[in-house]
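For reference, structure_26.cif (mmCIF, C-alpha atoms):
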data_data
#
loop_
_atom_site.group_PDB
_atom_site.id
_atom_site.type_symbol
_atom_site.label_atom_id
_atom_site.label_comp_id
_atom_site.auth_asym_id
_atom_site.auth_seq_id
_atom_site.Cartn_x
_atom_site.Cartn_y
_atom_site.Cartn_z
ATOM 1 C CA MET A 1 0.000 0.000 0.000
ATOM 2 C CA ALA A 2 1.355 3.435 -0.884
ATOM 3 C CA ALA A 3 2.133 5.989 1.772
ATOM 4 C CA GLY A 4 -0.762 8.282 2.548
ATOM 5 C CA THR A 5 -3.478 5.834 1.460
ATOM 6 C CA VAL A 6 -6.508 4.663 3.320
ATOM 7 C CA ASP A 7 -7.397 0.986 3.768
ATOM 8 C CA GLY A 8 -9.996 1.276 1.024
ATOM 9 C CA GLY A 9 -7.105 1.776 -1.408
ATOM 10 C CA SER A 10 -8.175 5.229 -2.562
ATOM 11 C CA GLU A 11 -5.734 8.127 -2.503
ATOM 12 C CA ALA A 12 -6.558 11.035 -0.174
ATOM 13 C CA VAL A 13 -7.192 14.298 -2.006
ATOM 14 C CA VAL A 14 -4.515 16.787 -0.981
ATOM 15 C CA ALA A 15 -5.138 20.521 -1.297
ATOM 16 C CA MET A 16 -2.506 23.258 -1.206
ATOM 17 C CA THR A 17 -3.222 25.711 1.606
ATOM 18 C CA TYR A 18 -1.562 29.129 1.812
ATOM 19 C CA ASN A 19 -0.870 30.629 5.256
ATOM 20 C CA CYS A 20 0.372 34.011 6.453
ATOM 21 C CA LYS A 21 4.126 33.689 6.926
ATOM 22 C CA LYS A 22 4.090 35.855 10.054
ATOM 23 C CA CYS A 23 1.239 34.325 12.109
ATOM 24 C CA ARG A 24 0.472 31.097 10.137
ATOM 25 C CA LYS A 25 -3.236 31.904 9.714
ATOM 26 C CA ALA A 26 -4.763 29.888 6.869
ATOM 27 C CA LEU A 27 -5.806 32.372 4.186
ATOM 28 C CA PHE A 28 -6.792 30.516 1.013
ATOM 29 C CA THR A 29 -6.466 27.263 -0.902
ATOM 30 C CA GLU A 30 -5.311 26.617 -4.449
ATOM 31 C CA SER A 31 -8.944 26.645 -5.611
ATOM 32 C CA ALA A 32 -8.985 30.442 -5.050
ATOM 33 C CA LEU A 33 -6.014 31.048 -7.374
ATOM 34 C CA VAL A 34 -6.505 32.695 -10.764
ATOM 35 C CA SER A 35 -4.132 31.136 -13.281
ATOM 36 C CA HIS A 36 -2.545 32.983 -16.174
ATOM 37 C CA ASP A 37 -0.175 32.291 -19.044
ATOM 38 C CA LEU A 38 3.409 33.502 -18.703
ATOM 39 C CA GLY A 39 4.055 36.904 -20.224
ATOM 40 C CA ASP A 40 6.994 38.211 -22.247
ATOM 41 C CA GLY A 41 9.292 38.638 -19.250
ATOM 42 C CA ASP A 42 11.661 41.617 -19.058
ATOM 43 C CA THR A 43 10.694 42.874 -22.504
ATOM 44 C CA ALA A 44 7.222 43.719 -21.161
ATOM 45 C CA PHE A 45 8.589 46.170 -18.556
ATOM 46 C CA SER A 46 11.166 48.333 -20.225
ATOM 47 C CA TRP A 47 11.007 51.781 -21.632
ATOM 48 C CA HIS A 48 10.103 51.412 -25.302
ATOM 49 C CA LYS A 49 9.822 47.647 -24.716
ATOM 50 C CA ARG A 50 13.478 46.610 -24.497
ATOM 51 C CA GLU A 51 15.371 45.223 -27.420
ATOM 52 C CA GLN A 52 15.191 41.551 -28.372
ATOM 53 C CA ARG A 53 18.585 40.721 -26.804
ATOM 54 C CA ILE A 54 16.845 40.452 -23.431
ATOM 55 C CA SER A 55 14.522 37.737 -24.709
ATOM 56 C CA GLU A 56 17.449 35.299 -24.601
ATOM 57 C CA ALA A 57 17.069 35.222 -20.808
ATOM 58 C CA PRO A 58 15.415 32.192 -19.180
ATOM 59 C CA PRO A 59 11.610 32.237 -18.957
ATOM 60 C CA PRO A 60 10.304 34.502 -16.198
ATOM 61 C CA GLU A 61 8.925 33.170 -12.932
ATOM 62 C CA CYS A 62 5.906 34.729 -11.267
ATOM 63 C CA THR A 63 6.640 36.172 -7.822
ATOM 64 C CA SER A 64 2.977 36.719 -6.985
ATOM 65 C CA LEU A 65 -0.243 34.764 -6.731
ATOM 66 C CA PHE A 66 -3.466 36.189 -8.151
ATOM 67 C CA LEU A 67 -6.686 35.440 -6.273
ATOM 68 C CA GLU A 68 -10.423 35.641 -6.573
ATOM 69 C CA ARG A 69 -12.228 38.026 -4.203
ATOM 70 C CA MET A 70 -12.551 36.537 -0.689
ATOM 71 C CA ASP A 71 -14.410 37.596 2.484
ATOM 72 C CA TRP A 72 -11.284 38.072 4.646
ATOM 73 C CA MET A 73 -10.026 40.786 2.253
ATOM 74 C CA GLY A 74 -12.481 43.364 3.607
ATOM 75 C CA ALA A 75 -14.587 45.889 1.704
ATOM 76 C CA MET A 76 -12.093 46.680 -1.103
ATOM 77 C CA SER A 77 -14.231 49.715 -2.009
ATOM 78 C CA ASP A 78 -11.326 51.883 -3.227
ATOM 79 C CA LEU A 79 -9.843 51.525 -6.713
ATOM 80 C CA GLU A 80 -6.630 50.145 -5.209
ATOM 81 C CA GLY A 81 -5.342 49.208 -1.783
ATOM 82 C CA ARG A 82 -3.464 46.832 0.486
ATOM 83 C CA LEU A 83 -4.263 43.230 1.336
ATOM 84 C CA GLU A 84 -3.537 42.527 4.988
ATOM 85 C CA CYS A 85 -3.657 39.377 7.079
ATOM 86 C CA PRO A 86 -6.935 39.402 9.050
ATOM 87 C CA LYS A 87 -5.141 38.120 12.169
ATOM 88 C CA CYS A 88 -1.820 40.025 12.407
ATOM 89 C CA ALA A 89 -2.382 42.854 9.841
ATOM 90 C CA ALA A 90 0.858 42.039 7.978
ATOM 91 C CA LYS A 91 0.876 43.307 4.396
ATOM 92 C CA LEU A 92 0.393 40.349 2.027
ATOM 93 C CA GLY A 93 -0.099 42.176 -1.260
ATOM 94 C CA GLY A 94 -2.535 44.528 -2.873
ATOM 95 C CA TYR A 95 -5.429 44.963 -5.230
ATOM 96 C CA VAL A 96 -5.975 47.209 -8.237
ATOM 97 C CA TRP A 97 -9.369 47.016 -9.932
ATOM 98 C CA SER A 98 -7.993 48.542 -13.148
ATOM 99 C CA GLY A 99 -5.346 45.810 -13.359
ATOM 100 C CA ALA A 100 -1.620 45.363 -12.803
ATOM 101 C CA GLN A 101 1.269 43.600 -14.457
ATOM 102 C CA CYS A 102 2.616 40.327 -13.058
ATOM 103 C CA SER A 103 6.370 39.927 -12.638
ATOM 104 C CA CYS A 104 6.313 37.614 -15.667
ATOM 105 C CA GLY A 105 4.947 40.442 -17.831
ATOM 106 C CA ARG A 106 1.306 39.293 -18.134
ATOM 107 C CA TRP A 107 -1.336 41.962 -17.488
ATOM 108 C CA MET A 108 -3.996 40.852 -14.971
ATOM 109 C CA CYS A 109 -7.285 42.708 -14.684
ATOM 110 C CA PRO A 110 -8.600 42.999 -12.017
ATOM 111 C CA SER A 111 -5.487 42.386 -9.957
ATOM 112 C CA ILE A 112 -5.856 40.860 -6.498
ATOM 113 C CA GLN A 113 -2.243 39.986 -5.886
ATOM 114 C CA VAL A 114 -0.449 38.271 -2.977
ATOM 115 C CA SER A 115 3.340 38.078 -2.849
ATOM 116 C CA LYS A 116 4.704 34.513 -2.683
ATOM 117 C CA ALA A 117 7.293 35.779 -0.180
ATOM 118 C CA LYS A 118 4.526 36.698 2.295
ATOM 119 C CA VAL A 119 2.747 33.323 2.391
ATOM 120 C CA ASP A 120 3.755 29.724 3.102
ATOM 121 C CA ALA A 121 2.326 26.906 1.015
ATOM 122 C CA SER A 122 1.532 23.570 2.650
ATOM 123 C CA ARG A 123 -0.233 20.433 1.510
ATOM 124 C CA ARG A 124 -3.063 19.149 3.673
ATOM 125 C CA ALA A 125 -5.622 16.443 3.135
ATOM 126 C CA ALA A 126 -8.983 17.995 2.353
ATOM 127 C CA ALA A 127 -11.398 17.208 5.191
ATOM 128 C CA SER A 128 -14.398 16.716 2.924
ATOM 129 C CA ALA A 129 -12.480 14.375 0.616
ATOM 130 C CA THR A 130 -11.203 12.014 3.322
ATOM 131 C CA PRO A 131 -12.916 8.666 2.818
ATOM 132 C CA ALA A 132 -14.126 6.646 5.781
ATOM 133 C CA GLY A 133 -11.513 4.145 6.890
ATOM 134 C CA ILE A 134 -8.389 3.759 8.917
ATOM 135 C CA HIS A 135 -5.411 5.874 7.929
ATOM 136 C CA ARG A 136 -2.093 4.124 8.196
ATOM 137 C CA PRO A 137 1.254 5.922 8.450
ATOM 138 C CA ALA A 138 3.793 5.062 5.759
ATOM 139 C CA ALA A 139 5.893 2.822 8.088
ATOM 140 C CA ALA A 140 2.869 0.769 9.208
ATOM 141 C CA ALA A 141 1.645 0.411 5.629
ATOM 142 C CA ALA A 142 5.054 -0.922 4.547
ATOM 143 C CA ALA A 143 5.138 -3.399 7.429
ATOM 144 C CA ALA A 144 1.628 -4.622 6.658
ATOM 145 C CA ALA A 145 2.498 -5.129 2.986
ATOM 146 C CA SER A 146 5.387 -7.494 3.807
#

Mind turning this structure into structure tokens?
Amino acid sequence: MAAGTVDGGSEAVVAMTYNCKKCRKALFTESALVSHDLGDGDTAFSWHKREQRISEAPPPECTSLFLERMDWMGAMSDLEGRLECPKCAAKLGGYVWSGAQCSCGRWMCPSIQVSKAKVDASRRAAASATPAGIHRPAAAAAAAAS
């Protein structure tokens, strides 16, 4: 039996949860993320859209996560503002209803953006997806299989 399985043989569904790095409050799961295609990288940011020599650089990596609107974010009635942790008030990112550019160069509109440096990602078994049965740790499952 594989590690992390339940006696019924089905794999537990594991969801990525993002927590505030300062106080560890759970903020959102991967289901709240808004995906986007990678942009043009550095060429999308420069004055007069930099020359093609920059495009030889490796593909850009996004430094932010874009989210759907969530209750813990507050009223968000202004055109732009800060996103703060509801528990410790640490700045996590910001929002701009008219849109903002991702670090990869892609334009996101509206932009509800959280910095990856301000949150920790962890994998946890989804409570609603846990089937009924006895969960065995990896060591016990290996011993039972032999």

Quiz prompt | Residue among A:Trp107, A:Cys23, A:Thr17, A:Ala121 lying closest to Ala89 (chain A), counting all atoms listed in the file | solution =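 Closest residue, counting all atoms listed in the file: A:Cys23.
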
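One finds CA of Met108 (chain A) at 25.3 Å from CA of Ser122 (chain A).
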
Practice problem: For Glu80 (chain A), list every protein, DNA or RNA residue within 8 Å, evaluated using only C-alpha atoms, and leave out those in the same chain fewer than 4 positions away; present the list as a PyMOL selection string. | Solution: chain A and resi 76+94-97

Counting all atoms listed in the file, find the residues whose atoms lie at most 9 Å from (-3.1, 43.8, -12.5) (file coordinates) and write them out as a compact mmCIF listing (two decimals) with C-alpha atoms, keeping the file's coordinate frame.
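Generated file (part15.txt):
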# COMPACT_ATOMS: atom_id res chain seq x y z
CA PHE A 66 -3.47 36.19 -8.15
CA TYR A 95 -5.43 44.96 -5.23
CA VAL A 96 -5.98 47.21 -8.24
CA TRP A 97 -9.37 47.02 -9.93
CA SER A 98 -7.99 48.54 -13.15
CA GLY A 99 -5.35 45.81 -13.36
CA ALA A 100 -1.62 45.36 -12.80
CA GLN A 101 1.27 43.60 -14.46
CA CYS A 102 2.62 40.33 -13.06
CA ARG A 106 1.31 39.29 -18.13
CA TRP A 107 -1.34 41.96 -17.49
CA MET A 108 -4.00 40.85 -14.97
CA CYS A 109 -7.28 42.71 -14.68
CA PRO A 110 -8.60 43.00 -12.02
CA SER A 111 -5.49 42.39 -9.96
CA ILE A 112 -5.86 40.86 -6.50
CA GLN A 113 -2.24 39.99 -5.89

Quiz item: What is the CA of Ala90 (chain A) to CA of Phe28 (chain A) distance in Å?
Solution: 15.5 Å

Self-check item: Interatomic distance, CA of Leu33 (chain A) to CA of Leu67 (chain A) (Å, one decimal)
Solution: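 Separation of CA of Leu33 (chain A) and CA of Leu67 (chain A): 4.6 Å.
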
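Distances to Arg123 (chain A) were evaluated for A:Cys104, A:Cys88, A:Ala75, A:Met16 using all atoms listed in the file, and the minimum falls at A:Met16.
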
Quiz item: Taking all atoms listed in the file into account, which of A:Leu38, A:Leu92, A:Ala32, A:Leu27 comes nearest Trp72 (chain A)?
Solution: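 Of A:Leu38, A:Leu92, A:Ala32, A:Leu27, the one nearest Trp72 (chain A) is A:Leu27, counting all atoms listed in the file.
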
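Proximity ranking of A:Lys25, A:Arg82, A:Lys91, A:Lys116 relative to Glu61 (chain A) places A:Lys116 first, based on all atoms listed in the file.
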
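Considering all atoms listed in the file, the residue among A:Leu65, A:Met73, A:Val119, A:Asp37 positioned nearest to Lys22 (chain A) is A:Val119.
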
Quiz item: Could you spell out the hits of the PyMOL selection byres ((chain A and resi 115) around 6) on the shown file, as number ranges by chain?
Solution: A: 64, 93, 114, 116-118
